[in-house]
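Engineer: Data file final.cif (mmCIF, C-alpha atoms) is appended below.
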```
data_data
loop_
_atom_site.label_atom_id
_atom_site.label_comp_id
_atom_site.auth_asym_id
_atom_site.auth_seq_id
_atom_site.Cartn_x
_atom_site.Cartn_y
_atom_site.Cartn_z
CA CYS A 13 -8.08 -18.08 0.08
CA ILE A 14 -8.39 -15.82 3.12
CA LEU A 15 -6.33 -16.40 6.25
CA GLY A 16 -8.25 -14.77 9.07
CA SER A 17 -11.94 -14.53 9.86
CA GLY A 18 -12.30 -11.63 12.25
CA ASN A 19 -14.25 -8.46 11.56
CA TRP A 20 -12.00 -7.32 8.70
CA GLY A 21 -11.32 -10.81 7.32
CA SER A 22 -15.03 -11.59 7.14
CA THR A 23 -15.69 -8.25 5.43
CA ALA A 24 -12.96 -9.02 2.88
CA ALA A 25 -14.58 -12.43 2.32
CA ARG A 26 -17.89 -10.73 1.43
CA ILE A 27 -16.16 -8.62 -1.21
CA ILE A 28 -13.91 -11.31 -2.68
CA GLY A 29 -16.60 -13.99 -2.64
CA SER A 30 -18.90 -11.74 -4.63
CA ASN A 31 -16.19 -10.64 -7.06
CA VAL A 32 -14.69 -14.06 -7.91
CA ALA A 33 -18.12 -15.29 -8.98
CA LYS A 34 -17.88 -12.74 -11.80
CA LEU A 35 -14.22 -13.33 -12.72
CA PRO A 36 -13.64 -16.15 -15.24
CA ASP A 37 -9.99 -16.68 -14.27
CA PHE A 38 -10.77 -17.59 -10.65
CA ASP A 39 -12.38 -20.61 -9.04
CA ASP A 40 -15.75 -19.76 -7.54
CA THR A 41 -14.94 -21.22 -4.11
CA VAL A 42 -13.17 -18.97 -1.60
CA LYS A 43 -11.75 -20.81 1.40
CA ILE A 44 -11.49 -18.86 4.64
CA TRP A 45 -9.44 -20.13 7.55
CA VAL A 46 -11.48 -19.87 10.75
CA PHE A 47 -10.12 -20.41 14.25
CA ASP A 48 -12.07 -23.32 15.71
CA GLU A 49 -14.16 -21.83 18.52
CA ILE A 50 -17.58 -22.39 20.04
CA VAL A 51 -20.29 -19.72 19.71
CA ASN A 52 -23.69 -20.29 21.30
CA GLY A 53 -22.90 -23.98 21.67
CA LYS A 54 -21.95 -24.49 18.03
CA LYS A 55 -18.68 -24.47 16.13
CA LEU A 56 -18.20 -21.14 14.41
CA ILE A 57 -17.00 -22.97 11.30
CA ASP A 58 -20.26 -24.90 11.09
CA ILE A 59 -22.30 -21.72 11.62
CA ILE A 60 -20.48 -19.96 8.77
CA ASN A 61 -20.92 -22.92 6.40
CA THR A 62 -24.61 -23.45 7.16
CA GLU A 63 -25.93 -19.98 8.00
CA HIS A 64 -23.38 -18.08 5.86
CA GLU A 65 -22.74 -15.53 8.57
CA ASN A 66 -19.88 -14.91 10.99
CA VAL A 67 -22.19 -14.35 13.94
CA LYS A 68 -19.34 -13.49 16.32
CA TYR A 69 -17.19 -11.07 14.34
CA LEU A 70 -19.52 -9.73 11.64
CA PRO A 71 -23.07 -10.32 12.85
CA GLY A 72 -25.97 -9.23 10.69
CA HIS A 73 -24.10 -9.50 7.38
CA LYS A 74 -24.42 -12.56 5.19
CA LEU A 75 -21.39 -14.06 3.47
CA PRO A 76 -21.64 -15.29 -0.12
CA THR A 77 -22.46 -18.98 -0.30
CA ASN A 78 -19.20 -19.65 -2.17
CA VAL A 79 -17.18 -18.66 0.93
CA VAL A 80 -16.28 -21.90 2.70
CA ALA A 81 -14.84 -21.97 6.23
CA VAL A 82 -12.06 -24.46 7.00
CA PRO A 83 -10.33 -25.13 10.35
CA ASP A 84 -6.84 -25.78 8.97
CA ALA A 85 -4.78 -22.95 7.44
CA ALA A 86 -2.71 -25.46 5.45
CA ASP A 87 -5.91 -26.78 3.88
CA ALA A 88 -7.02 -23.24 3.08
CA VAL A 89 -3.85 -22.40 1.11
CA LYS A 90 -3.77 -25.70 -0.77
CA ASP A 91 -3.98 -24.94 -4.52
CA ALA A 92 -4.59 -21.23 -3.82
CA THR A 93 -2.93 -18.84 -6.27
CA HIS A 94 -3.88 -15.70 -4.32
CA ILE A 95 -3.68 -15.60 -0.52
CA VAL A 96 -5.20 -12.82 1.60
CA VAL A 97 -3.59 -12.53 5.05
CA VAL A 98 -5.69 -10.68 7.63
CA ILE A 99 -4.88 -11.58 11.25
CA PRO A 100 -3.52 -9.56 14.21
CA HIS A 101 0.14 -8.87 13.51
CA GLN A 102 1.39 -10.51 16.70
CA TYR A 103 0.23 -13.92 15.39
CA ILE A 104 1.66 -13.72 11.89
CA GLN A 105 4.81 -15.82 12.32
CA ASN A 106 3.01 -18.77 13.92
CA LEU A 107 0.49 -18.76 11.08
CA LEU A 108 3.17 -18.62 8.42
CA ASP A 109 5.12 -21.44 10.03
CA SER A 110 1.98 -23.59 9.91
CA ILE A 111 1.61 -23.18 6.13
CA HIS A 112 5.30 -23.16 5.18
CA GLY A 113 5.89 -25.69 2.41
CA ARG A 114 2.16 -25.92 1.61
CA VAL A 115 1.93 -22.85 -0.63
CA LEU A 116 2.10 -23.08 -4.41
CA PRO A 117 5.39 -21.73 -5.82
CA ASN A 118 3.47 -19.42 -8.18
CA ALA A 119 1.15 -18.10 -5.46
CA ARG A 120 0.79 -14.41 -4.55
CA ALA A 121 -0.19 -12.90 -1.23
CA ILE A 122 -1.59 -9.62 0.00
CA SER A 123 -1.46 -8.38 3.58
CA LEU A 124 -4.45 -6.59 5.09
CA ILE A 125 -2.72 -6.47 8.47
CA LYS A 126 -2.50 -3.04 10.07
CA GLY A 127 0.67 -3.59 12.04
CA ILE A 128 4.43 -3.64 11.68
CA ALA A 129 7.21 -5.06 13.81
CA ILE A 130 9.47 -2.30 15.13
CA SER A 131 12.43 -3.12 17.33
CA ASN A 132 15.69 -1.50 18.40
CA HIS A 133 17.12 -2.55 15.03
CA GLY A 134 14.49 -0.98 12.78
CA MET A 135 11.23 -1.85 11.06
CA THR A 136 10.01 -5.11 9.60
CA THR A 137 6.72 -5.01 7.72
CA MET A 138 4.19 -7.81 7.43
CA THR A 139 4.87 -8.16 3.69
CA GLN A 140 8.57 -8.61 4.43
CA ILE A 141 7.83 -11.29 7.03
CA ILE A 142 5.43 -13.10 4.68
CA HIS A 143 7.90 -12.93 1.77
CA ARG A 144 10.79 -14.08 3.95
CA THR A 145 8.85 -17.13 5.17
CA LEU A 146 6.90 -18.17 2.07
CA ALA A 147 9.23 -16.87 -0.69
CA ILE A 148 6.35 -15.46 -2.76
CA PRO A 149 5.55 -11.89 -3.91
CA VAL A 150 3.46 -9.92 -1.41
CA ALA A 151 1.34 -6.79 -1.81
CA SER A 152 -0.39 -4.72 0.89
CA LEU A 153 -3.86 -3.18 1.30
CA SER A 154 -4.79 -0.47 3.77
CA GLY A 155 -7.08 2.52 3.91
CA ALA A 156 -9.81 4.40 5.71
CA ASN A 157 -11.65 1.12 6.12
CA ILE A 158 -13.81 0.54 9.18
CA ALA A 159 -15.02 -2.98 8.48
CA ASN A 160 -18.62 -2.65 9.64
CA GLU A 161 -19.20 0.35 7.38
CA ILE A 162 -17.80 -1.56 4.40
CA ALA A 163 -20.01 -4.54 5.23
CA GLU A 164 -22.94 -2.11 5.09
CA GLU A 165 -21.67 -1.13 1.62
CA LYS A 166 -21.10 2.50 2.48
CA TYR A 167 -18.81 4.19 -0.05
CA CYS A 168 -15.11 4.33 0.83
CA GLU A 169 -11.63 4.07 -0.68
CA THR A 170 -8.61 1.88 -0.04
CA THR A 171 -5.02 1.66 -1.24
CA ILE A 172 -3.18 -1.36 -2.60
CA GLY A 173 0.60 -1.24 -2.60
CA CYS A 174 2.02 -3.59 -5.23
CA SER A 175 5.39 -3.38 -6.99
CA ASP A 176 4.20 -5.38 -10.03
CA PRO A 177 1.73 -3.31 -12.12
CA GLU A 178 0.17 -6.38 -13.75
CA GLU A 179 -0.36 -8.11 -10.42
CA ALA A 180 -1.82 -4.89 -9.02
CA ILE A 181 -4.55 -5.11 -11.66
CA VAL A 182 -5.42 -8.63 -10.52
CA TRP A 183 -5.60 -7.63 -6.85
CA ARG A 184 -7.74 -4.64 -7.76
CA SER A 185 -10.17 -6.91 -9.61
CA LEU A 186 -10.57 -9.03 -6.48
CA PHE A 187 -11.30 -6.09 -4.16
CA ASN A 188 -12.78 -3.25 -6.19
CA THR A 189 -16.54 -2.67 -6.01
CA PRO A 190 -18.79 0.35 -6.62
CA TYR A 191 -18.73 1.04 -2.85
CA PHE A 192 -15.12 -0.07 -2.15
CA GLN A 193 -12.91 1.90 -4.53
CA VAL A 194 -9.32 0.70 -4.90
CA ASN A 195 -6.34 2.83 -5.92
CA CYS A 196 -3.02 1.09 -6.59
CA VAL A 197 0.46 2.47 -5.85
CA SER A 198 3.90 0.89 -6.04
CA ASP A 199 4.87 1.82 -2.46
CA VAL A 200 4.19 -1.47 -0.65
CA ILE A 201 6.05 -0.57 2.55
CA GLY A 202 4.54 2.92 2.72
CA VAL A 203 1.00 1.56 2.58
CA GLU A 204 1.77 -0.79 5.48
CA PHE A 205 3.59 1.84 7.51
CA CYS A 206 0.66 4.24 7.36
CA GLY A 207 -1.80 1.52 8.27
CA ALA A 208 0.13 0.63 11.42
CA LEU A 209 1.17 4.05 12.72
CA LYS A 210 -2.27 5.66 12.43
CA ASN A 211 -3.43 3.37 15.24
CA VAL A 212 -1.00 5.08 17.62
CA VAL A 213 -2.41 8.47 16.63
CA ALA A 214 -5.92 7.12 17.22
CA VAL A 215 -4.98 6.21 20.78
CA GLY A 216 -3.99 9.84 21.32
CA ALA A 217 -7.28 11.01 19.82
CA GLY A 218 -9.14 8.70 22.17
CA PHE A 219 -7.37 10.25 25.14
CA ILE A 220 -8.63 13.67 23.99
CA ASP A 221 -12.18 12.35 23.71
CA GLY A 222 -11.93 10.79 27.15
CA MET A 223 -10.91 14.14 28.62
CA GLY A 224 -13.77 15.87 26.77
CA LEU A 225 -11.50 18.50 25.22
CA GLY A 226 -13.35 18.96 21.93
CA ASN A 227 -12.64 19.03 18.22
CA ASN A 228 -10.00 21.78 18.11
CA THR A 229 -7.75 19.89 20.48
CA LYS A 230 -8.39 16.61 18.70
CA ALA A 231 -7.55 18.17 15.33
CA ALA A 232 -4.23 19.40 16.76
CA ILE A 233 -3.35 15.91 18.01
CA ILE A 234 -4.28 14.41 14.63
CA ARG A 235 -2.10 16.92 12.77
CA ILE A 236 0.92 16.41 15.04
CA GLY A 237 0.45 12.64 14.94
CA PHE A 238 0.30 12.64 11.15
CA LEU A 239 3.53 14.65 10.97
CA GLU A 240 5.25 12.35 13.45
CA MET A 241 4.22 9.42 11.25
CA ARG A 242 5.97 11.09 8.29
CA ARG A 243 8.98 11.92 10.40
CA LEU A 244 9.31 8.34 11.63
CA ALA A 245 8.96 7.07 8.07
CA MET A 246 11.80 9.37 7.04
CA HIS A 247 14.04 8.24 9.85
CA ILE A 248 13.33 4.54 9.76
CA SER A 249 13.29 3.98 6.00
CA GLY A 250 15.11 6.87 4.35
CA ALA A 251 13.66 7.39 0.87
CA ARG A 252 11.97 3.98 0.57
CA ILE A 253 8.58 5.36 1.61
CA GLN A 254 7.11 7.83 -0.88
CA ASP A 255 5.71 11.10 0.44
CA ALA A 256 2.72 10.85 -1.91
CA THR A 257 1.60 7.67 -0.14
CA PHE A 258 0.67 9.73 2.92
CA MET A 259 -2.01 11.47 0.86
CA GLU A 260 -3.63 8.21 -0.23
CA SER A 261 -6.52 6.55 1.59
CA CYS A 262 -3.97 4.50 3.56
CA GLY A 263 -2.45 7.74 4.89
CA LEU A 264 -4.31 10.92 5.77
CA ALA A 265 -7.80 9.49 5.20
CA ASP A 266 -7.14 6.49 7.44
CA VAL A 267 -5.72 8.71 10.19
CA ILE A 268 -8.90 10.80 10.13
CA THR A 269 -11.39 7.91 10.15
CA THR A 270 -9.49 5.97 12.81
CA CYS A 271 -9.30 9.00 15.07
CA TYR A 272 -13.08 9.46 14.88
CA GLY A 273 -14.14 5.80 14.80
CA GLY A 274 -12.67 2.37 15.36
CA ARG A 275 -11.64 0.39 18.39
CA ASN A 276 -8.27 2.04 19.10
CA ARG A 277 -9.91 5.42 19.66
CA ARG A 278 -12.81 3.90 21.58
CA LEU A 279 -10.67 1.95 24.02
CA ALA A 280 -8.34 4.90 24.60
CA GLU A 281 -11.38 6.96 25.54
CA GLU A 282 -12.51 4.22 27.94
CA PHE A 283 -8.99 4.07 29.35
CA VAL A 284 -9.33 7.70 30.45
CA LEU A 285 -12.92 7.37 31.66
CA THR A 286 -12.51 4.14 33.63
CA GLY A 287 -8.82 3.99 34.57
CA LYS A 288 -8.73 0.33 33.53
CA PRO A 289 -5.54 -0.93 31.82
CA MET A 290 -5.64 -1.42 28.04
CA PRO A 291 -5.31 -5.24 28.12
CA GLN A 292 -8.34 -5.48 30.41
CA LEU A 293 -10.38 -3.16 28.19
CA GLU A 294 -9.41 -5.25 25.17
CA GLN A 295 -10.70 -8.35 26.93
CA ASP A 296 -13.87 -6.68 28.22
CA LEU A 297 -14.95 -4.75 25.12
CA LEU A 298 -13.53 -6.19 21.90
CA ASN A 299 -15.27 -9.58 21.69
CA GLY A 300 -12.04 -11.38 20.81
CA GLN A 301 -10.61 -8.67 18.54
CA LYS A 302 -7.16 -7.22 19.24
CA LEU A 303 -6.02 -3.68 20.03
CA GLN A 304 -3.18 -2.81 17.63
CA GLY A 305 -2.44 0.80 18.59
CA TYR A 306 -1.44 -0.04 22.15
CA LEU A 307 1.06 -2.67 20.98
CA THR A 308 2.44 -0.50 18.19
CA ALA A 309 2.95 2.41 20.61
CA GLY A 310 5.22 0.16 22.64
CA GLU A 311 7.15 -0.99 19.58
CA VAL A 312 7.58 2.57 18.29
CA HIS A 313 8.88 3.74 21.65
CA SER A 314 11.39 0.89 21.78
CA TYR A 315 12.84 2.07 18.48
CA ILE A 316 12.91 5.83 19.09
CA ASP A 317 14.21 5.38 22.64
CA SER A 318 17.08 3.11 21.55
CA SER A 319 17.86 5.57 18.75
CA GLY A 320 17.97 8.49 21.20
CA ILE A 321 15.36 10.50 19.35
CA THR A 322 12.39 10.60 21.72
CA ASP A 323 12.62 14.42 21.83
CA HIS A 324 11.71 14.47 18.14
CA PHE A 325 8.55 12.40 18.72
CA PRO A 326 6.90 14.03 21.74
CA LEU A 327 3.38 12.84 20.92
CA PHE A 328 4.36 9.21 20.37
CA THR A 329 6.50 9.37 23.51
CA ASN A 330 3.66 10.84 25.57
CA ILE A 331 1.17 8.26 24.32
CA TYR A 332 3.59 5.50 25.33
CA SER A 333 4.09 7.02 28.78
CA ILE A 334 0.34 7.27 29.38
CA CYS A 335 -0.29 3.70 28.21
CA TYR A 336 2.64 1.97 29.86
CA GLN A 337 4.04 4.18 32.62
CA GLY A 338 0.92 5.45 34.33
CA LYS A 339 1.34 9.09 33.32
CA ALA A 340 -1.79 11.25 33.51
CA PRO A 341 -3.68 11.66 30.20
CA ARG A 342 -3.14 15.45 30.29
CA THR A 343 0.61 14.88 29.90
CA ILE A 344 -0.14 14.17 26.24
CA PHE A 345 0.49 17.88 25.60
CA ASP A 346 3.98 17.96 27.12
CA GLY A 347 6.59 19.23 24.67
CA LEU A 348 4.33 19.33 21.60
CA ASN A 349 5.75 22.60 20.27
CA VAL A 350 7.77 20.89 17.53
CA ASP A 351 9.00 22.35 14.23
CA PHE A 352 8.17 20.01 11.34
CA SER A 353 8.90 22.61 8.64
CA ARG A 354 12.16 21.03 7.45
CA ASP A 355 10.89 17.45 7.31
CA THR A 356 11.02 15.68 3.96
CA LEU A 357 11.20 11.99 3.16
CA THR A 358 14.98 12.04 2.89
CA PRO A 359 17.56 11.35 5.62
CA SER A 360 16.37 13.34 8.61
CA PRO A 361 17.58 16.94 9.20
CA MET A 362 16.80 16.50 12.87
CA LEU A 363 19.75 14.19 13.54
#
```
Before anything else, please render the file you have as structure tokens.
Structural biologist:
Amino acid sequence: CILGSGNWGSTAARIIGSNVAKLPDFDDTVKIWVFDEIVNGKKLIDIINTEHENVKYLPGHKLPTNVVAVPDAADAVKDATHIVVVIPHQYIQNLLDSIHGRVLPNARAISLIKGIAISNHGMTTMTQIIHRTLAIPVASLSGANIANEIAEEKYCETTIGCSDPEEAIVWRSLFNTPYFQVNCVSDVIGVEFCGALKNVVAVGAGFIDGMGLGNNTKAAIIRIGFLEMRRLAMHISGARIQDATFMESCGLADVITTCYGGRNRRLAEEFVLTGKPMPQLEQDLLNGQKLQGYLTAGEVHSYIDSSGITDHFPLFTNIYSICYQGKAPRTIFDGLNVDFSRDTLTPSPML
């Protein structure tokens, strides 16, 4: 089953619905939990089940007829052996609480959520939250994956992080297609970390676009942001996150595509051009979707500020100050002359 029916969840449903019809070990029906809302005077659930299209979040792309929308998450997970979780990360705990005790003991889950919870005390990933609540194994999927392009079946790659090699094969069979190529790694947390932090970098790239400063400047921000991602991974997790993960689709490739496309970059550009606050732009422009980079920037700053290491993350600090403290967009360049040459994914040499 699929928990979440936004742009990305509906795109995942197209892939999985098509694939399970060819896999003898899976039931043909794929349940997708859909938030009960009215679109053009009709229930979105009814539209999906009759017209086989999510006209609000993925218009113009038909869903397989074996994808069935249900209004109750507990009903969606009933009898499901493989659960795909794909909702905005700020809603994850409420969803999990609603299905607690309803999940099969032998079920498996995979998180497609591009977000992590960072507080003064450290980092908690979505897979950790799901495992802690449901007590089942959890994998992660992330990559250079703009949903609309995947729905159009344009070639791309993604990364699955799964600690069990045999289970990784199963997840790959559910997602892999000729146009959506899946590579599996064992670094579950690293895949998630990259997927969340790249959104903060994309906000910075959007500021550059809004100021009209060109590709050279944008490339510099992308490079510094990528290195700050690695540095934060080193500090927050020690050696748990593998350096090689940053060169997978979930790492460098996702940073690049998100900084040139996607809603985090687009709204950051509009933030500069219009002067409107991020929450208002989210409401005005995203058609019910959520802006992850803005939230994650706040969470990252909470951690690095409480740890006394903001000087080692000047780009992330500047992005936070522009988003939350009213600093001018041009302050993004303040203090960016940072030496990353000694950084490795071991306990940080900067502290």
Engineer: What is the distance, in Å and to one decimal place, between CA of His101 (chain A) and CA of Gly202 (chain A)?
Structural biologist: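 So the two atoms, CA of His101 (chain A) and CA of Gly202 (chain A), lie 16.6 Å apart.
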Engineer: Could I get the residues of region 175-257 of chain A with an atom no further than 12 Å from an atom of region 20-42 of chain A, each paired with its nearest atom pair and that distance in Å to one decimal, using all atoms listed in the file, sorted by chain and residue number, as JSON lines?
Structural biologist:
```
{"residue": "A:Val182", "atom": "CA", "partner": "A:Asp37", "partner_atom": "CA", "distance": 10.0}
{"residue": "A:Trp183", "atom": "CA", "partner": "A:Ile28", "partner_atom": "CA", "distance": 10.0}
{"residue": "A:Arg184", "atom": "CA", "partner": "A:Asn31", "partner_atom": "CA", "distance": 10.4}
{"residue": "A:Ser185", "atom": "CA", "partner": "A:Asn31", "partner_atom": "CA", "distance": 7.5}
{"residue": "A:Leu186", "atom": "CA", "partner": "A:Ile28", "partner_atom": "CA", "distance": 5.5}
{"residue": "A:Phe187", "atom": "CA", "partner": "A:Ile28", "partner_atom": "CA", "distance": 6.0}
{"residue": "A:Asn188", "atom": "CA", "partner": "A:Ile27", "partner_atom": "CA", "distance": 8.1}
{"residue": "A:Thr189", "atom": "CA", "partner": "A:Ile27", "partner_atom": "CA", "distance": 7.7}
{"residue": "A:Pro190", "atom": "CA", "partner": "A:Ile27", "partner_atom": "CA", "distance": 10.8}
{"residue": "A:Tyr191", "atom": "CA", "partner": "A:Ile27", "partner_atom": "CA", "distance": 10.1}
{"residue": "A:Phe192", "atom": "CA", "partner": "A:Ile27", "partner_atom": "CA", "distance": 8.7}
{"residue": "A:Gln193", "atom": "CA", "partner": "A:Ile27", "partner_atom": "CA", "distance": 11.5}
```
Engineer: Could you dump the residues just selected with C-alpha atoms as a PDB file, in the coordinates of the input?
Structural biologist:
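File written: part.pdb
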```
ATOM      1  CA  VAL A 182      -5.420  -8.630 -10.520  1.00  0.00           C
ATOM      2  CA  TRP A 183      -5.600  -7.630  -6.850  1.00  0.00           C
ATOM      3  CA  ARG A 184      -7.740  -4.640  -7.760  1.00  0.00           C
ATOM      4  CA  SER A 185     -10.170  -6.910  -9.610  1.00  0.00           C
ATOM      5  CA  LEU A 186     -10.570  -9.030  -6.480  1.00  0.00           C
ATOM      6  CA  PHE A 187     -11.300  -6.090  -4.160  1.00  0.00           C
ATOM      7  CA  ASN A 188     -12.780  -3.250  -6.190  1.00  0.00           C
ATOM      8  CA  THR A 189     -16.540  -2.670  -6.010  1.00  0.00           C
ATOM      9  CA  PRO A 190     -18.790   0.350  -6.620  1.00  0.00           C
ATOM     10  CA  TYR A 191     -18.730   1.040  -2.850  1.00  0.00           C
ATOM     11  CA  PHE A 192     -15.120  -0.070  -2.150  1.00  0.00           C
ATOM     12  CA  GLN A 193     -12.910   1.900  -4.530  1.00  0.00           C
TER      13      GLN A 193
END
```
Engineer: Given the choices A:Lys43, A:Lys210, A:His73, A:Lys68, which gets closest to Ser261 (chain A) if the distance is worked out from all atoms listed in the file?
Structural biologist: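 Of A:Lys43, A:Lys210, A:His73, A:Lys68, the one nearest Ser261 (chain A) is A:Lys210, counting all atoms listed in the file.
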Engineer: Given the file shown, enumerate the residues that the PyMOL selection byres ((chain A and resi 135) around 10) captures and present them as number ranges by chain.
Structural biologist: A: 128-134, 136-138, 140, 205, 245, 248-249, 311-312, 315
Engineer: Could you give me, as number ranges by chain, the residues that sit within 12 Å of (-1.1, 2.1, 3.6) in the file's coordinates, counting only C-alpha atoms?
Structural biologist: A: 123-128, 137-139, 151-157, 169-174, 194-211, 241, 253-267
Engineer: Could you save the residues just selected, with C-alpha atoms, as a PDB file, in the frame of the given file?
Structural biologist:
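Saved to selection.pdb:
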```pdb
ATOM      1  CA  SER A 123      -1.460  -8.380   3.580  1.00  0.00           C
ATOM      2  CA  LEU A 124      -4.450  -6.590   5.090  1.00  0.00           C
ATOM      3  CA  ILE A 125      -2.720  -6.470   8.470  1.00  0.00           C
ATOM      4  CA  LYS A 126      -2.500  -3.040  10.070  1.00  0.00           C
ATOM      5  CA  GLY A 127       0.670  -3.590  12.040  1.00  0.00           C
ATOM      6  CA  ILE A 128       4.430  -3.640  11.680  1.00  0.00           C
ATOM      7  CA  THR A 137       6.720  -5.010   7.720  1.00  0.00           C
ATOM      8  CA  MET A 138       4.190  -7.810   7.430  1.00  0.00           C
ATOM      9  CA  THR A 139       4.870  -8.160   3.690  1.00  0.00           C
ATOM     10  CA  ALA A 151       1.340  -6.790  -1.810  1.00  0.00           C
ATOM     11  CA  SER A 152      -0.390  -4.720   0.890  1.00  0.00           C
ATOM     12  CA  LEU A 153      -3.860  -3.180   1.300  1.00  0.00           C
ATOM     13  CA  SER A 154      -4.790  -0.470   3.770  1.00  0.00           C
ATOM     14  CA  GLY A 155      -7.080   2.520   3.910  1.00  0.00           C
ATOM     15  CA  ALA A 156      -9.810   4.400   5.710  1.00  0.00           C
ATOM     16  CA  ASN A 157     -11.650   1.120   6.120  1.00  0.00           C
ATOM     17  CA  GLU A 169     -11.630   4.070  -0.680  1.00  0.00           C
ATOM     18  CA  THR A 170      -8.610   1.880  -0.040  1.00  0.00           C
ATOM     19  CA  THR A 171      -5.020   1.660  -1.240  1.00  0.00           C
ATOM     20  CA  ILE A 172      -3.180  -1.360  -2.600  1.00  0.00           C
ATOM     21  CA  GLY A 173       0.600  -1.240  -2.600  1.00  0.00           C
ATOM     22  CA  CYS A 174       2.020  -3.590  -5.230  1.00  0.00           C
ATOM     23  CA  VAL A 194      -9.320   0.700  -4.900  1.00  0.00           C
ATOM     24  CA  ASN A 195      -6.340   2.830  -5.920  1.00  0.00           C
ATOM     25  CA  CYS A 196      -3.020   1.090  -6.590  1.00  0.00           C
ATOM     26  CA  VAL A 197       0.460   2.470  -5.850  1.00  0.00           C
ATOM     27  CA  SER A 198       3.900   0.890  -6.040  1.00  0.00           C
ATOM     28  CA  ASP A 199       4.870   1.820  -2.460  1.00  0.00           C
ATOM     29  CA  VAL A 200       4.190  -1.470  -0.650  1.00  0.00           C
ATOM     30  CA  ILE A 201       6.050  -0.570   2.550  1.00  0.00           C
ATOM     31  CA  GLY A 202       4.540   2.920   2.720  1.00  0.00           C
ATOM     32  CA  VAL A 203       1.000   1.560   2.580  1.00  0.00           C
ATOM     33  CA  GLU A 204       1.770  -0.790   5.480  1.00  0.00           C
ATOM     34  CA  PHE A 205       3.590   1.840   7.510  1.00  0.00           C
ATOM     35  CA  CYS A 206       0.660   4.240   7.360  1.00  0.00           C
ATOM     36  CA  GLY A 207      -1.800   1.520   8.270  1.00  0.00           C
ATOM     37  CA  ALA A 208       0.130   0.630  11.420  1.00  0.00           C
ATOM     38  CA  LEU A 209       1.170   4.050  12.720  1.00  0.00           C
ATOM     39  CA  LYS A 210      -2.270   5.660  12.430  1.00  0.00           C
ATOM     40  CA  ASN A 211      -3.430   3.370  15.240  1.00  0.00           C
ATOM     41  CA  MET A 241       4.220   9.420  11.250  1.00  0.00           C
ATOM     42  CA  ILE A 253       8.580   5.360   1.610  1.00  0.00           C
ATOM     43  CA  GLN A 254       7.110   7.830  -0.880  1.00  0.00           C
ATOM     44  CA  ASP A 255       5.710  11.100   0.440  1.00  0.00           C
ATOM     45  CA  ALA A 256       2.720  10.850  -1.910  1.00  0.00           C
ATOM     46  CA  THR A 257       1.600   7.670  -0.140  1.00  0.00           C
ATOM     47  CA  PHE A 258       0.670   9.730   2.920  1.00  0.00           C
ATOM     48  CA  MET A 259      -2.010  11.470   0.860  1.00  0.00           C
ATOM     49  CA  GLU A 260      -3.630   8.210  -0.230  1.00  0.00           C
ATOM     50  CA  SER A 261      -6.520   6.550   1.590  1.00  0.00           C
ATOM     51  CA  CYS A 262      -3.970   4.500   3.560  1.00  0.00           C
ATOM     52  CA  GLY A 263      -2.450   7.740   4.890  1.00  0.00           C
ATOM     53  CA  LEU A 264      -4.310  10.920   5.770  1.00  0.00           C
ATOM     54  CA  ALA A 265      -7.800   9.490   5.200  1.00  0.00           C
ATOM     55  CA  ASP A 266      -7.140   6.490   7.440  1.00  0.00           C
ATOM     56  CA  VAL A 267      -5.720   8.710  10.190  1.00  0.00           C
TER      57      VAL A 267
END
```
Engineer: Just checking: using only C-alpha atoms, which residue out of A:Ile141, A:Ile316, A:Leu303, A:Ala119 ends up closest to Thr93 (chain A)?
Structural biologist: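 Residue with the minimum atom-to-atom distance to Thr93 (chain A): A:Ala119.
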Engineer: If we count only C-alpha atoms and set the cut-off at 10 Å, which residues sit around Asn330 (chain A), ignoring sequence neighbours fewer than 6 positions away in its own chain? Please answer as a list in words.
Structural biologist: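 Result of the neighbour search: Gly216, Ala309, His313, Thr322, Tyr336, Gln337, Lys339, Ala340, Pro341, Arg342, Thr343, Ile344, Phe345, Asp346, Gly347 and Leu348 of chain A.
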Engineer: Residues around (-18.9, -23.7, 5.7), cut-off 10 Å, counting only C-alpha atoms - what are they as a VMD selection string?
Structural biologist: chain A and resid 43 to 44 46 56 to 65 77 to 83
Engineer: Step by step, work through what the PyMOL selection byres ((chain A and resi 350) around 12) selects in the shown file, and finish by giving those residues as a list in words.
Structural biologist: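 Going through the file, the PyMOL selection byres ((chain A and resi 350) around 12) ends up selecting Arg235, Ile236, Gly237, Leu239, Glu240, Arg243, Asp323, His324, Phe325, Pro326, Leu327, Phe345, Asp346, Gly347, Leu348, Asn349, Asp351, Phe352, Ser353, Arg354, Asp355 and Met362 of chain A.
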Engineer: Do you have, as JSON lines, the list of residues of region 130-200 of chain A lying at most 10 Å from region 102-117 of chain A, each with its nearest atom pair and that distance in Å to one decimal, counting only C-alpha atoms and ordered by chain then number?
Structural biologist:
```
{"residue": "A:Met138", "atom": "CA", "partner": "A:Ile104", "partner_atom": "CA", "distance": 7.8}
{"residue": "A:Ile141", "atom": "CA", "partner": "A:Gln105", "partner_atom": "CA", "distance": 7.6}
{"residue": "A:Ile142", "atom": "CA", "partner": "A:Leu108", "partner_atom": "CA", "distance": 7.0}
{"residue": "A:His143", "atom": "CA", "partner": "A:Leu108", "partner_atom": "CA", "distance": 9.9}
{"residue": "A:Arg144", "atom": "CA", "partner": "A:Leu108", "partner_atom": "CA", "distance": 9.9}
{"residue": "A:Thr145", "atom": "CA", "partner": "A:Leu108", "partner_atom": "CA", "distance": 6.7}
{"residue": "A:Leu146", "atom": "CA", "partner": "A:His112", "partner_atom": "CA", "distance": 6.1}
{"residue": "A:Ala147", "atom": "CA", "partner": "A:Pro117", "partner_atom": "CA", "distance": 8.0}
{"residue": "A:Ile148", "atom": "CA", "partner": "A:Pro117", "partner_atom": "CA", "distance": 7.0}
```
